[in-house]
Every structure is written in structure tokens, then in C-alpha cells.
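Heads up, data_13.cif below (mmCIF, C-alpha atoms):
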data_final
#
loop_
_atom_site.group_PDB
_atom_site.id
_atom_site.type_symbol
_atom_site.label_atom_id
_atom_site.label_comp_id
_atom_site.auth_asym_id
_atom_site.auth_seq_id
_atom_site.Cartn_x
_atom_site.Cartn_y
_atom_site.Cartn_z
ATOM 1 C CA MET O 130 39.459 8.910 -12.803
ATOM 2 C CA GLU O 131 35.994 8.067 -14.061
ATOM 3 C CA LEU O 132 33.813 4.981 -13.800
ATOM 4 C CA ARG O 133 33.933 4.528 -17.580
ATOM 5 C CA HIS O 134 37.677 3.964 -17.332
ATOM 6 C CA PHE O 135 37.006 0.867 -15.238
ATOM 7 C CA ARG O 136 34.469 -0.338 -17.821
ATOM 8 C CA TYR O 137 37.005 0.159 -20.609
ATOM 9 C CA PHE O 138 39.695 -1.597 -18.576
ATOM 10 C CA LEU O 139 37.394 -4.536 -17.829
ATOM 11 C CA ALA O 140 36.464 -4.983 -21.491
ATOM 12 C CA VAL O 141 40.108 -5.044 -22.602
ATOM 13 C CA ALA O 142 41.134 -7.278 -19.679
ATOM 14 C CA GLU O 143 38.444 -9.842 -20.547
ATOM 15 C CA GLU O 144 38.888 -9.732 -24.320
ATOM 16 C CA LEU O 145 42.715 -9.320 -24.248
ATOM 17 C CA ASN O 146 42.296 -7.579 -27.570
ATOM 18 C CA PHE O 147 41.626 -3.895 -28.250
ATOM 19 C CA THR O 148 39.653 -4.530 -31.424
ATOM 20 C CA ARG O 149 37.252 -6.988 -29.816
ATOM 21 C CA ALA O 150 36.962 -4.811 -26.692
ATOM 22 C CA ALA O 151 36.126 -1.768 -28.827
ATOM 23 C CA GLN O 152 33.430 -3.734 -30.660
ATOM 24 C CA ARG O 153 31.997 -4.899 -27.351
ATOM 25 C CA LEU O 154 31.877 -1.329 -26.047
ATOM 26 C CA GLY O 155 30.485 0.082 -29.277
ATOM 27 C CA ILE O 156 33.353 2.513 -29.861
ATOM 28 C CA SER O 157 36.302 2.623 -32.268
ATOM 29 C CA GLN O 158 39.701 1.241 -31.304
ATOM 30 C CA PRO O 159 41.826 4.439 -31.278
ATOM 31 C CA PRO O 160 39.724 6.251 -28.647
ATOM 32 C CA LEU O 161 39.695 3.076 -26.534
ATOM 33 C CA SER O 162 43.484 2.820 -26.676
ATOM 34 C CA GLN O 163 43.753 6.492 -25.703
ATOM 35 C CA GLN O 164 41.382 6.038 -22.749
ATOM 36 C CA ILE O 165 43.351 3.046 -21.479
ATOM 37 C CA LYS O 166 46.588 5.066 -21.673
ATOM 38 C CA GLN O 167 44.958 7.858 -19.665
ATOM 39 C CA PHE O 168 43.753 5.312 -17.129
ATOM 40 C CA GLU O 169 47.230 3.802 -16.777
ATOM 41 C CA ALA O 170 48.649 7.307 -16.305
ATOM 42 C CA GLU O 171 46.209 7.989 -13.481
ATOM 43 C CA VAL O 172 46.923 4.614 -11.866
ATOM 44 C CA GLY O 173 50.624 5.252 -12.231
ATOM 45 C CA VAL O 174 51.626 1.841 -13.602
ATOM 46 C CA PRO O 175 51.068 -0.105 -16.844
ATOM 47 C CA LEU O 176 48.060 -2.385 -16.717
ATOM 48 C CA PHE O 177 48.660 -4.181 -20.018
ATOM 49 C CA ASP O 178 51.639 -5.532 -21.942
ATOM 50 C CA ARG O 179 51.120 -4.738 -25.610
ATOM 51 C CA LEU O 180 51.838 -7.779 -27.760
ATOM 52 C CA SER O 181 51.977 -8.238 -31.514
ATOM 53 C CA HIS O 182 48.598 -9.978 -31.435
ATOM 54 C CA GLY O 183 46.618 -8.508 -28.548
ATOM 55 C CA VAL O 184 47.552 -7.708 -24.956
ATOM 56 C CA SER O 185 48.172 -9.420 -21.634
ATOM 57 C CA LEU O 186 47.643 -8.178 -18.125
ATOM 58 C CA THR O 187 50.564 -6.952 -16.102
ATOM 59 C CA GLU O 188 50.801 -7.981 -12.472
ATOM 60 C CA ALA O 189 49.163 -4.681 -11.510
ATOM 61 C CA GLY O 190 46.428 -5.218 -14.108
ATOM 62 C CA ALA O 191 45.739 -8.751 -12.858
ATOM 63 C CA ARG O 192 45.448 -7.427 -9.306
ATOM 64 C CA LEU O 193 43.102 -4.635 -10.360
ATOM 65 C CA LEU O 194 40.781 -6.897 -12.368
ATOM 66 C CA PRO O 195 38.700 -8.474 -9.536
ATOM 67 C CA ASP O 196 38.418 -5.120 -7.765
ATOM 68 C CA ALA O 197 37.265 -3.487 -11.000
ATOM 69 C CA ARG O 198 34.578 -6.151 -11.389
ATOM 70 C CA THR O 199 33.426 -5.566 -7.795
ATOM 71 C CA LEU O 200 33.404 -1.795 -8.242
ATOM 72 C CA LEU O 201 31.329 -1.964 -11.414
ATOM 73 C CA ARG O 202 28.906 -4.460 -9.891
ATOM 74 C CA LEU O 203 28.418 -2.183 -6.871
ATOM 75 C CA ALA O 204 27.901 0.790 -9.145
ATOM 76 C CA ASP O 205 25.307 -1.102 -11.187
ATOM 77 C CA ASP O 206 23.594 -2.279 -7.999
ATOM 78 C CA ALA O 207 23.511 1.276 -6.659
ATOM 79 C CA LEU O 208 22.001 2.612 -9.867
ATOM 80 C CA GLY O 209 19.500 -0.236 -9.923
ATOM 81 C CA SER O 210 18.494 0.457 -6.323
ATOM 82 C CA ALA O 211 17.981 4.124 -7.110
ATOM 83 C CA ARG O 212 15.821 3.300 -10.125
ATOM 84 C CA ARG O 213 13.777 0.750 -8.168
ATOM 85 C CA ALA O 214 13.225 3.261 -5.366
ATOM 86 C CA ALA O 215 12.086 5.846 -7.916
ATOM 87 C CA GLN O 216 9.575 3.304 -9.236
ATOM 88 C CA GLY O 217 8.286 2.444 -5.748
ATOM 89 C CA GLU O 218 9.781 -1.055 -5.775
ATOM 90 C CA THR O 219 11.732 -0.674 -2.512
ATOM 91 C CA GLY O 220 11.336 1.181 0.757
ATOM 92 C CA VAL O 221 8.749 1.232 3.532
ATOM 93 C CA ILE O 222 5.024 1.955 3.234
ATOM 94 C CA ARG O 223 2.628 2.500 6.131
ATOM 95 C CA ILE O 224 -1.011 1.684 5.403
ATOM 96 C CA GLY O 225 -3.805 2.545 7.816
ATOM 97 C CA PHE O 226 -7.263 1.005 7.993
ATOM 98 C CA THR O 227 -10.350 1.255 10.156
ATOM 99 C CA SER O 228 -11.487 -1.812 12.053
ATOM 100 C CA SER O 229 -14.399 -2.426 9.685
ATOM 101 C CA ALA O 230 -12.171 -2.079 6.606
ATOM 102 C CA SER O 231 -10.163 -5.121 7.638
ATOM 103 C CA PHE O 232 -13.215 -7.357 7.151
ATOM 104 C CA HIS O 233 -13.937 -6.280 3.579
ATOM 105 C CA PRO O 234 -12.502 -8.556 0.862
ATOM 106 C CA PHE O 235 -11.714 -5.584 -1.391
ATOM 107 C CA VAL O 236 -9.329 -4.146 1.193
ATOM 108 C CA THR O 237 -7.574 -7.411 1.988
ATOM 109 C CA GLY O 238 -7.448 -8.258 -1.714
ATOM 110 C CA ALA O 239 -5.890 -4.903 -2.615
ATOM 111 C CA ILE O 240 -3.198 -5.311 0.032
ATOM 112 C CA ARG O 241 -2.499 -8.811 -1.267
ATOM 113 C CA ASP O 242 -2.248 -7.452 -4.836
ATOM 114 C CA TYR O 243 0.314 -4.930 -3.657
ATOM 115 C CA ARG O 244 2.396 -7.496 -1.771
ATOM 116 C CA LEU O 245 2.563 -9.669 -4.897
ATOM 117 C CA ALA O 246 3.494 -6.737 -7.134
ATOM 118 C CA TYR O 247 6.044 -5.166 -4.769
ATOM 119 C CA PRO O 248 7.509 -7.930 -2.586
ATOM 120 C CA ASP O 249 10.613 -5.916 -1.652
ATOM 121 C CA VAL O 250 8.686 -3.066 -0.033
ATOM 122 C CA GLN O 251 8.377 -3.320 3.742
ATOM 123 C CA LEU O 252 4.676 -3.057 4.576
ATOM 124 C CA GLU O 253 3.439 -1.761 7.931
ATOM 125 C CA LEU O 254 -0.295 -1.993 8.670
ATOM 126 C CA ILE O 255 -1.794 0.337 11.278
ATOM 127 C CA GLU O 256 -5.359 -0.032 12.579
ATOM 128 C CA GLY O 257 -7.202 2.942 14.022
ATOM 129 C CA ASN O 258 -10.391 4.940 13.866
ATOM 130 C CA THR O 259 -10.819 7.607 11.211
ATOM 131 C CA VAL O 260 -9.889 10.485 13.522
ATOM 132 C CA ARG O 261 -6.711 8.733 14.657
ATOM 133 C CA LEU O 262 -5.660 7.845 11.127
ATOM 134 C CA VAL O 263 -6.091 11.448 9.976
ATOM 135 C CA GLU O 264 -3.899 12.509 12.897
ATOM 136 C CA LEU O 265 -1.218 10.050 11.747
ATOM 137 C CA PHE O 266 -1.319 11.614 8.285
ATOM 138 C CA GLN O 267 -0.780 15.024 9.833
ATOM 139 C CA ALA O 268 2.214 13.627 11.722
ATOM 140 C CA GLU O 269 3.550 12.200 8.418
ATOM 141 C CA GLN O 270 3.350 8.656 9.782
ATOM 142 C CA LEU O 271 1.026 7.216 7.115
ATOM 143 C CA ASN O 272 1.272 6.864 3.356
ATOM 144 C CA ALA O 273 -2.326 5.816 2.659
ATOM 145 C CA ALA O 274 -5.374 4.533 4.511
ATOM 146 C CA PHE O 275 -8.743 2.841 4.022
ATOM 147 C CA ILE O 276 -11.268 4.938 5.922
ATOM 148 C CA ARG O 277 -14.903 6.082 5.872
ATOM 149 C CA PRO O 278 -14.619 9.891 5.929
ATOM 150 C CA VAL O 279 -17.264 12.585 5.682
ATOM 151 C CA PRO O 280 -16.678 15.594 3.404
ATOM 152 C CA GLY O 281 -14.006 17.877 4.825
ATOM 153 C CA GLU O 282 -12.781 15.348 7.395
ATOM 154 C CA THR O 283 -9.573 14.469 5.536
ATOM 155 C CA GLY O 284 -8.249 18.002 5.130
ATOM 156 C CA GLY O 285 -5.660 18.261 2.349
ATOM 157 C CA LEU O 286 -5.512 14.534 1.660
ATOM 158 C CA VAL O 287 -6.444 13.069 -1.711
ATOM 159 C CA SER O 288 -9.506 10.806 -1.463
ATOM 160 C CA HIS O 289 -10.755 8.102 -3.841
ATOM 161 C CA LEU O 290 -14.197 6.568 -3.283
ATOM 162 C CA LEU O 291 -13.791 2.800 -3.629
ATOM 163 C CA PHE O 292 -17.310 1.468 -3.029
ATOM 164 C CA ARG O 293 -20.556 1.975 -1.145
ATOM 165 C CA GLU O 294 -21.303 -1.054 0.970
ATOM 166 C CA GLU O 295 -24.719 -2.379 1.978
ATOM 167 C CA MET O 296 -25.484 -2.138 5.679
ATOM 168 C CA LEU O 297 -27.267 -4.844 7.654
ATOM 169 C CA VAL O 298 -29.122 -5.124 10.939
ATOM 170 C CA ALA O 299 -27.136 -7.128 13.491
ATOM 171 C CA LEU O 300 -29.436 -8.902 15.949
ATOM 172 C CA PRO O 301 -28.990 -11.363 18.800
ATOM 173 C CA THR O 302 -29.849 -14.755 17.331
ATOM 174 C CA ASP O 303 -32.772 -15.212 19.773
ATOM 175 C CA HIS O 304 -34.264 -11.816 18.923
ATOM 176 C CA VAL O 305 -37.816 -11.954 17.531
ATOM 177 C CA LEU O 306 -36.788 -9.977 14.434
ATOM 178 C CA ALA O 307 -34.066 -12.518 13.637
ATOM 179 C CA THR O 308 -36.743 -14.848 12.268
ATOM 180 C CA ARG O 309 -37.567 -12.413 9.464
ATOM 181 C CA GLU O 310 -35.865 -12.460 6.089
ATOM 182 C CA ARG O 311 -35.657 -8.652 6.024
ATOM 183 C CA VAL O 312 -36.097 -6.022 8.722
ATOM 184 C CA ALA O 313 -37.602 -2.567 8.205
ATOM 185 C CA LEU O 314 -35.898 0.289 10.025
ATOM 186 C CA CYS O 315 -39.205 1.409 11.557
ATOM 187 C CA ASP O 316 -39.360 -1.951 13.377
ATOM 188 C CA LEU O 317 -36.233 -0.933 15.302
ATOM 189 C CA ALA O 318 -37.777 2.193 16.834
ATOM 190 C CA ARG O 319 -38.106 0.645 20.317
ATOM 191 C CA GLU O 320 -34.771 -1.193 20.254
ATOM 192 C CA THR O 321 -31.597 -0.310 22.143
ATOM 193 C CA PHE O 322 -28.815 0.479 19.687
ATOM 194 C CA ILE O 323 -25.120 -0.263 19.996
ATOM 195 C CA LEU O 324 -23.209 2.174 17.818
ATOM 196 C CA TYR O 325 -19.665 3.073 16.871
ATOM 197 C CA PRO O 326 -18.933 6.426 18.607
ATOM 198 C CA ARG O 327 -19.352 9.495 16.426
ATOM 199 C CA ARG O 328 -16.150 10.993 17.845
ATOM 200 C CA ASN O 329 -14.181 8.120 16.265
ATOM 201 C CA GLY O 330 -15.591 8.722 12.792
ATOM 202 C CA ARG O 331 -18.707 10.615 11.856
ATOM 203 C CA ALA O 332 -19.636 8.899 8.582
ATOM 204 C CA LEU O 333 -21.080 5.610 9.862
ATOM 205 C CA TYR O 334 -22.751 7.193 12.860
ATOM 206 C CA ASP O 335 -24.387 9.951 10.852
ATOM 207 C CA ASP O 336 -25.522 7.560 8.118
ATOM 208 C CA ILE O 337 -27.194 5.245 10.631
ATOM 209 C CA VAL O 338 -28.837 8.010 12.642
ATOM 210 C CA GLY O 339 -29.947 9.782 9.471
ATOM 211 C CA ALA O 340 -31.543 6.601 8.081
ATOM 212 C CA CYS O 341 -33.416 5.990 11.342
ATOM 213 C CA GLN O 342 -34.666 9.568 11.436
ATOM 214 C CA ALA O 343 -35.866 9.201 7.841
ATOM 215 C CA ALA O 344 -37.801 6.128 9.040
ATOM 216 C CA GLY O 345 -39.531 8.225 11.698
ATOM 217 C CA PHE O 346 -37.491 7.831 14.876
ATOM 218 C CA SER O 347 -34.186 8.684 16.554
ATOM 219 C CA PRO O 348 -32.263 5.610 17.697
ATOM 220 C CA ARG O 349 -31.962 5.069 21.429
ATOM 221 C CA VAL O 350 -28.245 4.444 21.972
ATOM 222 C CA GLY O 351 -27.577 2.256 24.986
ATOM 223 C CA GLN O 352 -23.945 1.357 24.349
ATOM 224 C CA GLU O 353 -21.017 2.683 22.348
ATOM 225 C CA ALA O 354 -18.299 0.340 21.161
ATOM 226 C CA PRO O 355 -14.806 1.681 20.322
ATOM 227 C CA GLN O 356 -14.291 -0.867 17.520
ATOM 228 C CA MET O 357 -16.727 -2.288 14.987
ATOM 229 C CA GLY O 358 -15.811 -5.796 16.135
ATOM 230 C CA SER O 359 -16.760 -4.803 19.677
ATOM 231 C CA THR O 360 -20.162 -3.668 18.391
ATOM 232 C CA VAL O 361 -20.870 -7.154 17.093
ATOM 233 C CA THR O 362 -19.615 -8.722 20.321
ATOM 234 C CA LEU O 363 -22.008 -6.605 22.396
ATOM 235 C CA VAL O 364 -24.881 -7.608 20.101
ATOM 236 C CA ALA O 365 -23.970 -11.254 20.695
ATOM 237 C CA ALA O 366 -24.113 -10.572 24.444
ATOM 238 C CA GLY O 367 -27.717 -9.426 24.059
ATOM 239 C CA LEU O 368 -27.075 -5.792 25.009
ATOM 240 C CA GLY O 369 -28.861 -4.421 21.968
ATOM 241 C CA ILE O 370 -28.962 -4.369 18.189
ATOM 242 C CA SER O 371 -26.879 -2.507 15.652
ATOM 243 C CA ILE O 372 -26.579 -1.547 11.993
ATOM 244 C CA VAL O 373 -23.216 -2.508 10.529
ATOM 245 C CA PRO O 374 -21.475 -2.730 7.146
ATOM 246 C CA ALA O 375 -22.235 -6.019 5.379
ATOM 247 C CA SER O 376 -18.569 -7.002 5.458
ATOM 248 C CA MET O 377 -18.883 -7.488 9.227
ATOM 249 C CA MET O 378 -20.645 -10.771 8.408
ATOM 250 C CA HIS O 379 -17.129 -12.138 7.842
ATOM 251 C CA LEU O 380 -16.609 -11.837 11.586
ATOM 252 C CA ALA O 381 -19.076 -14.749 11.951
ATOM 253 C CA ALA O 382 -19.661 -14.054 15.643
ATOM 254 C CA PRO O 383 -21.677 -16.786 17.408
ATOM 255 C CA GLY O 384 -24.983 -15.478 18.711
ATOM 256 C CA VAL O 385 -25.390 -12.800 16.017
ATOM 257 C CA THR O 386 -27.792 -12.891 13.070
ATOM 258 C CA TYR O 387 -27.500 -10.420 10.200
ATOM 259 C CA ARG O 388 -30.558 -9.335 8.225
ATOM 260 C CA PRO O 389 -30.913 -7.055 5.176
ATOM 261 C CA ILE O 390 -32.805 -3.810 5.642
ATOM 262 C CA ASP O 391 -36.212 -3.655 3.989
ATOM 263 C CA GLY O 392 -36.683 -0.397 2.084
ATOM 264 C CA ASP O 393 -34.313 2.560 1.945
ATOM 265 C CA ALA O 394 -31.121 1.548 3.720
ATOM 266 C CA PRO O 395 -27.916 3.425 4.485
ATOM 267 C CA ARG O 396 -24.784 2.443 2.596
ATOM 268 C CA ALA O 397 -21.289 2.686 4.063
ATOM 269 C CA ALA O 398 -18.755 4.397 1.796
ATOM 270 C CA MET O 399 -15.137 3.225 1.846
ATOM 271 C CA SER O 400 -12.405 5.521 0.519
ATOM 272 C CA LEU O 401 -8.685 5.314 -0.045
ATOM 273 C CA VAL O 402 -6.963 8.466 1.155
ATOM 274 C CA HIS O 403 -3.326 9.396 0.711
ATOM 275 C CA VAL O 404 -0.924 12.308 0.709
ATOM 276 C CA ASP O 405 -0.818 14.643 -2.265
ATOM 277 C CA ALA O 406 0.775 14.320 -5.708
ATOM 278 C CA VAL O 407 4.327 14.780 -4.406
ATOM 279 C CA SER O 408 3.963 11.652 -2.299
ATOM 280 C CA PRO O 409 6.724 9.009 -2.237
ATOM 281 C CA ALA O 410 6.948 6.522 -5.078
ATOM 282 C CA VAL O 411 5.781 3.682 -2.820
ATOM 283 C CA THR O 412 2.562 5.608 -2.159
ATOM 284 C CA ARG O 413 1.935 6.251 -5.839
ATOM 285 C CA ALA O 414 2.503 2.579 -6.614
ATOM 286 C CA PHE O 415 0.115 1.468 -3.856
ATOM 287 C CA VAL O 416 -2.601 3.860 -4.994
ATOM 288 C CA ALA O 417 -2.229 2.585 -8.572
ATOM 289 C CA VAL O 418 -2.676 -1.022 -7.411
ATOM 290 C CA VAL O 419 -5.787 -0.197 -5.358
ATOM 291 C CA LEU O 420 -7.398 1.834 -8.130
ATOM 292 C CA ALA O 421 -6.629 -0.908 -10.635
ATOM 293 C CA ARG O 422 -8.543 -3.348 -8.437
ATOM 294 C CA ARG O 423 -11.421 -0.868 -8.191
ATOM 295 C CA GLY O 424 -11.459 -0.709 -11.972
ATOM 296 C CA ARG O 425 -11.555 -4.496 -12.300
ATOM 297 C CA GLU O 426 -14.364 -4.851 -9.775
ATOM 298 C CA GLY O 427 -16.359 -1.948 -11.186
#
Once you've parsed the file, please lay out its structure as C-alpha cells.
Amino acid sequence: MELRHFRYFLAVAEELNFTRAAQRLGISQPPLSQQIKQFEAEVGVPLFDRLSHGVSLTEAGARLLPDARTLLRLADDALGSARRAAQGETGVIRIGFTSSASFHPFVTGAIRDYRLAYPDVQLELIEGNTVRLVELFQAEQLNAAFIRPVPGETGGLVSHLLFREEMLVALPTDHVLATRERVALCDLARETFILYPRRNGRALYDDIVGACQAAGFSPRVGQEAPQMGSTVTLVAAGLGISIVPASMMHLAAPGVTYRPIDGDAPRAAMSLVHVDAVSPAVTRAFVAVVLARRGREG
């Protein structure tokens, strides 16, 4: 017994005429009549009474009709679900992001784009530092992530550079340098720095330290903050100054003033990383959405 037999039966049962049913199915009448006879033989009872002008359902045929409709609907739903899964339209996707990534409008906008395009995919967002997120990839617990890696840090993952973000000096509002429109890095030589720990992600740390060294000094680090938001909070408390990605301005922490850097300034790169080309369909769909937004924003 094959699924097509139920489709043939349903067409005849709804049309009550072999000719019209054959036209509906796109086949000729004799093969349809033969298939129905085979189906009745497998069922073991007649399903139709043949009349001079058409057919009528037997009691067995009338009982089978609603079940046949249900069976075919379930089969169509199953096939549809399989196709949607293959296209990344259903399932679960786990997206990681660093603490600073969550403040950038590109990242939040890309996630919003994806939610609108794939509303039936269950989305799980996981915040962590770069090292932790790479570990989650290795444990196969992430599909993609927004991170700031250095070359070689992501191992076998595929990486797409999304943008290079301006970095700003974060100062306590009552700091003397906060009155300036721009701040040169050399003016920070005697300041106490609050930095994101290098062990949590080397890119930002190395970029900041490298820029300071190019300006003629090595920053004096007085505090390390485990999250970028914590860095800004410690600046607000007057424990030092910091250099942070410009998107941290969206944190709008009271007591903190942000100033552009005068002269050569470090830029913070943001990348989308994901598993390789044999990744699940939901991953491929997410990557396509993010890269499409990168293309629109240049």
C-alpha cells in the first residue's frame, strides 16, 4: 500500500467520478481505475459502488475518507517540515556574543533581521568573553558568535570581518581631560587605566596597549574588569580611565564622558564566526542574514 493510493482514493471520493478525478490528478482514467482496484484489493473490501454515471462511496469508503484526509495532511505537513528544516526555517540556533558586541547597533540589528526572517527558529543568546565562546564552539554548543578575535584565536572556525569600530577615551566626568573635545593618547601617559583582561580576549587589550606604546608609553593598569560594562562602571567610580569601543556610549553610564582620540587611534574589529561549511541549515541562514546586513551598511 502506497501513499499515492490514498491520494487517488481521495480524488475519486471527492469527485465521485473517475473522469473528473483523473483530470484532477493529471493522469488518464484507465490507470486510475486500475489503481483504485488494487487499493480495494489491499484494503480487502470495496470502497466504491460503480454506477452508470459515476460512483458512490460504500460504507467502508465513507469511513476511510476522513482518515485518508488526515493521513495525507500529516504526510504533507511532515514533508513541509523536512523542507523547512533543510532551508533553516525551523530548529534551534545558539548565538554567542561578547559583552561589548551587545551594545553595537549592527549586532542587535542583525539579530532582529534574523528574528523577522525566521520567526519559527528558537533563538538562544549566550554572552561570554572570546575565550569562553571559542570553548563553546569546541563543545558544539554554539552555531555562531559575534566576537573580537586575533588571528589564529578561532581555530578551525570560519570568520567574517564585519566592521572596524572607532575607539574612544572613557573619562570620569570631572576629569580635567573631559573638558577637551579630543584627547591625544600621549596625554594619558600618567593615567591609571582600567582594561578588559587580556586572558578574556587578546584583541582589544593588544590594540589598546599597542596604540599607547606607539604614542610613547606603556599604560599603567590599575584595575581589570571582567566585562566591558564593568570597565565603564569603574571609570564612573573614578578609579581610572579607559579606552573602549565607541558603541559603549550606548551604555550612557552617569559620571562617564567619552572623547574621541586625537591622532592615530586603535579601532576595534568585530567578526562573525561560525562552524564550517557543513554547518546546520539554521547556521547558514543566520550567516546569510548577517552578511546581507554588512553588505547594506557597507
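If you look at CA of Leu132 (chain O) and CA of Thr148 (chain O), they are 20.9 Å away from each other.
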For this structure, which residues satisfy the selection - the PyMOL selection byres ((chain O and resi 243) around 12) - when it is evaluated on the file as given? I want them as a VMD selection string. chain O and resid 217 to 218 222 224 236 to 242 244 to 252 411 to 422
Given the PyMOL selection byres ((chain O and resi 198) around 12) and the file above, list the residues it selects as a list of chain:residue names. O:Leu132, O:Phe135, O:Arg136, O:Tyr137, O:Phe138, O:Leu139, O:Ala140, O:Ala142, O:Glu143, O:Ala191, O:Arg192, O:Leu193, O:Leu194, O:Pro195, O:Asp196, O:Ala197, O:Thr199, O:Leu200, O:Leu201, O:Arg202, O:Leu203, O:Ala204, O:Asp205
Which residues are close to Glu320 (chain O), i.e. within 9 Å by only C-alpha atoms, leaving aside same-chain residues fewer than 2 positions away? Reply as a short mmCIF file (atom, residue, chain, number, x, y, z; two decimals) with C-alpha atoms, in the coordinates of the input.
data_model
loop_
_atom_site.label_atom_id
_atom_site.label_comp_id
_atom_site.auth_asym_id
_atom_site.auth_seq_id
_atom_site.Cartn_x
_atom_site.Cartn_y
_atom_site.Cartn_z
CA ASP O 316 -39.36 -1.95 13.38
CA LEU O 317 -36.23 -0.93 15.30
CA ALA O 318 -37.78 2.19 16.83
CA PHE O 322 -28.82 0.48 19.69
CA PRO O 348 -32.26 5.61 17.70
CA ARG O 349 -31.96 5.07 21.43
CA VAL O 350 -28.24 4.44 21.97
CA GLY O 369 -28.86 -4.42 21.97
CA ILE O 370 -28.96 -4.37 18.19
#
So what does the PyMOL selection byres ((chain O and resi 223) around 7) actually pick up in this one, as a ChimeraX atom specification? /O:221-222,224-225,252-254,271-273
Which polymer residues have any atom within 10 Å of an atom of region 156-166 of chain O, counting all atoms listed in the file, with same-chain residues fewer than 6 positions away left out, as a short mmCIF file (atom, residue, chain, number, x, y, z; two decimals) with C-alpha atoms, keeping the file's coordinate frame?
data_model
loop_
_atom_site.label_atom_id
_atom_site.label_comp_id
_atom_site.auth_asym_id
_atom_site.auth_seq_id
_atom_site.Cartn_x
_atom_site.Cartn_y
_atom_site.Cartn_z
CA ARG O 133 33.93 4.53 -17.58
CA HIS O 134 37.68 3.96 -17.33
CA PHE O 135 37.01 0.87 -15.24
CA TYR O 137 37.01 0.16 -20.61
CA PHE O 138 39.70 -1.60 -18.58
CA VAL O 141 40.11 -5.04 -22.60
CA ASN O 146 42.30 -7.58 -27.57
CA PHE O 147 41.63 -3.90 -28.25
CA THR O 148 39.65 -4.53 -31.42
CA ARG O 149 37.25 -6.99 -29.82
CA ALA O 150 36.96 -4.81 -26.69
CA VAL O 172 46.92 4.61 -11.87
CA PRO O 175 51.07 -0.10 -16.84
CA LEU O 176 48.06 -2.38 -16.72
CA PHE O 177 48.66 -4.18 -20.02
#
List as a VMD selection string the protein and nucleic acid residues near Leu363 (chain O), meaning an atom at most 12 Å away when only C-alpha atoms are counted, but skip any in the same chain fewer than 2 places from it. chain O and resid 299 to 301 321 to 325 351 to 361 365 to 371 382 to 385
Keeping C-alpha atoms, export the residues of the selection given above as a tab-separated table (two decimals), in the frame of the given file.
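Final output, result_13.tsv:
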chain	number	residue	atom	x	y	z
O	299	ALA	CA	-27.14	-7.13	13.49
O	300	LEU	CA	-29.44	-8.90	15.95
O	301	PRO	CA	-28.99	-11.36	18.80
O	321	THR	CA	-31.60	-0.31	22.14
O	322	PHE	CA	-28.82	0.48	19.69
O	323	ILE	CA	-25.12	-0.26	20.00
O	324	LEU	CA	-23.21	2.17	17.82
O	325	TYR	CA	-19.66	3.07	16.87
O	351	GLY	CA	-27.58	2.26	24.99
O	352	GLN	CA	-23.94	1.36	24.35
O	353	GLU	CA	-21.02	2.68	22.35
O	354	ALA	CA	-18.30	0.34	21.16
O	355	PRO	CA	-14.81	1.68	20.32
O	356	GLN	CA	-14.29	-0.87	17.52
O	357	MET	CA	-16.73	-2.29	14.99
O	358	GLY	CA	-15.81	-5.80	16.14
O	359	SER	CA	-16.76	-4.80	19.68
O	360	THR	CA	-20.16	-3.67	18.39
O	361	VAL	CA	-20.87	-7.15	17.09
O	365	ALA	CA	-23.97	-11.25	20.70
O	366	ALA	CA	-24.11	-10.57	24.44
O	367	GLY	CA	-27.72	-9.43	24.06
O	368	LEU	CA	-27.08	-5.79	25.01
O	369	GLY	CA	-28.86	-4.42	21.97
O	370	ILE	CA	-28.96	-4.37	18.19
O	371	SER	CA	-26.88	-2.51	15.65
O	382	ALA	CA	-19.66	-14.05	15.64
O	383	PRO	CA	-21.68	-16.79	17.41
O	384	GLY	CA	-24.98	-15.48	18.71
O	385	VAL	CA	-25.39	-12.80	16.02
So how many Å separate CA of Ala207 (chain O) and CA of Gln167 (chain O), to one decimal? 25.9 Å
Can you tell me how far CA of Gly173 (chain O) sits from CA of Thr187 (chain O), in Å to one decimal?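 Calculated distance between CA of Gly173 (chain O) and CA of Thr187 (chain O) is 12.8 Å.
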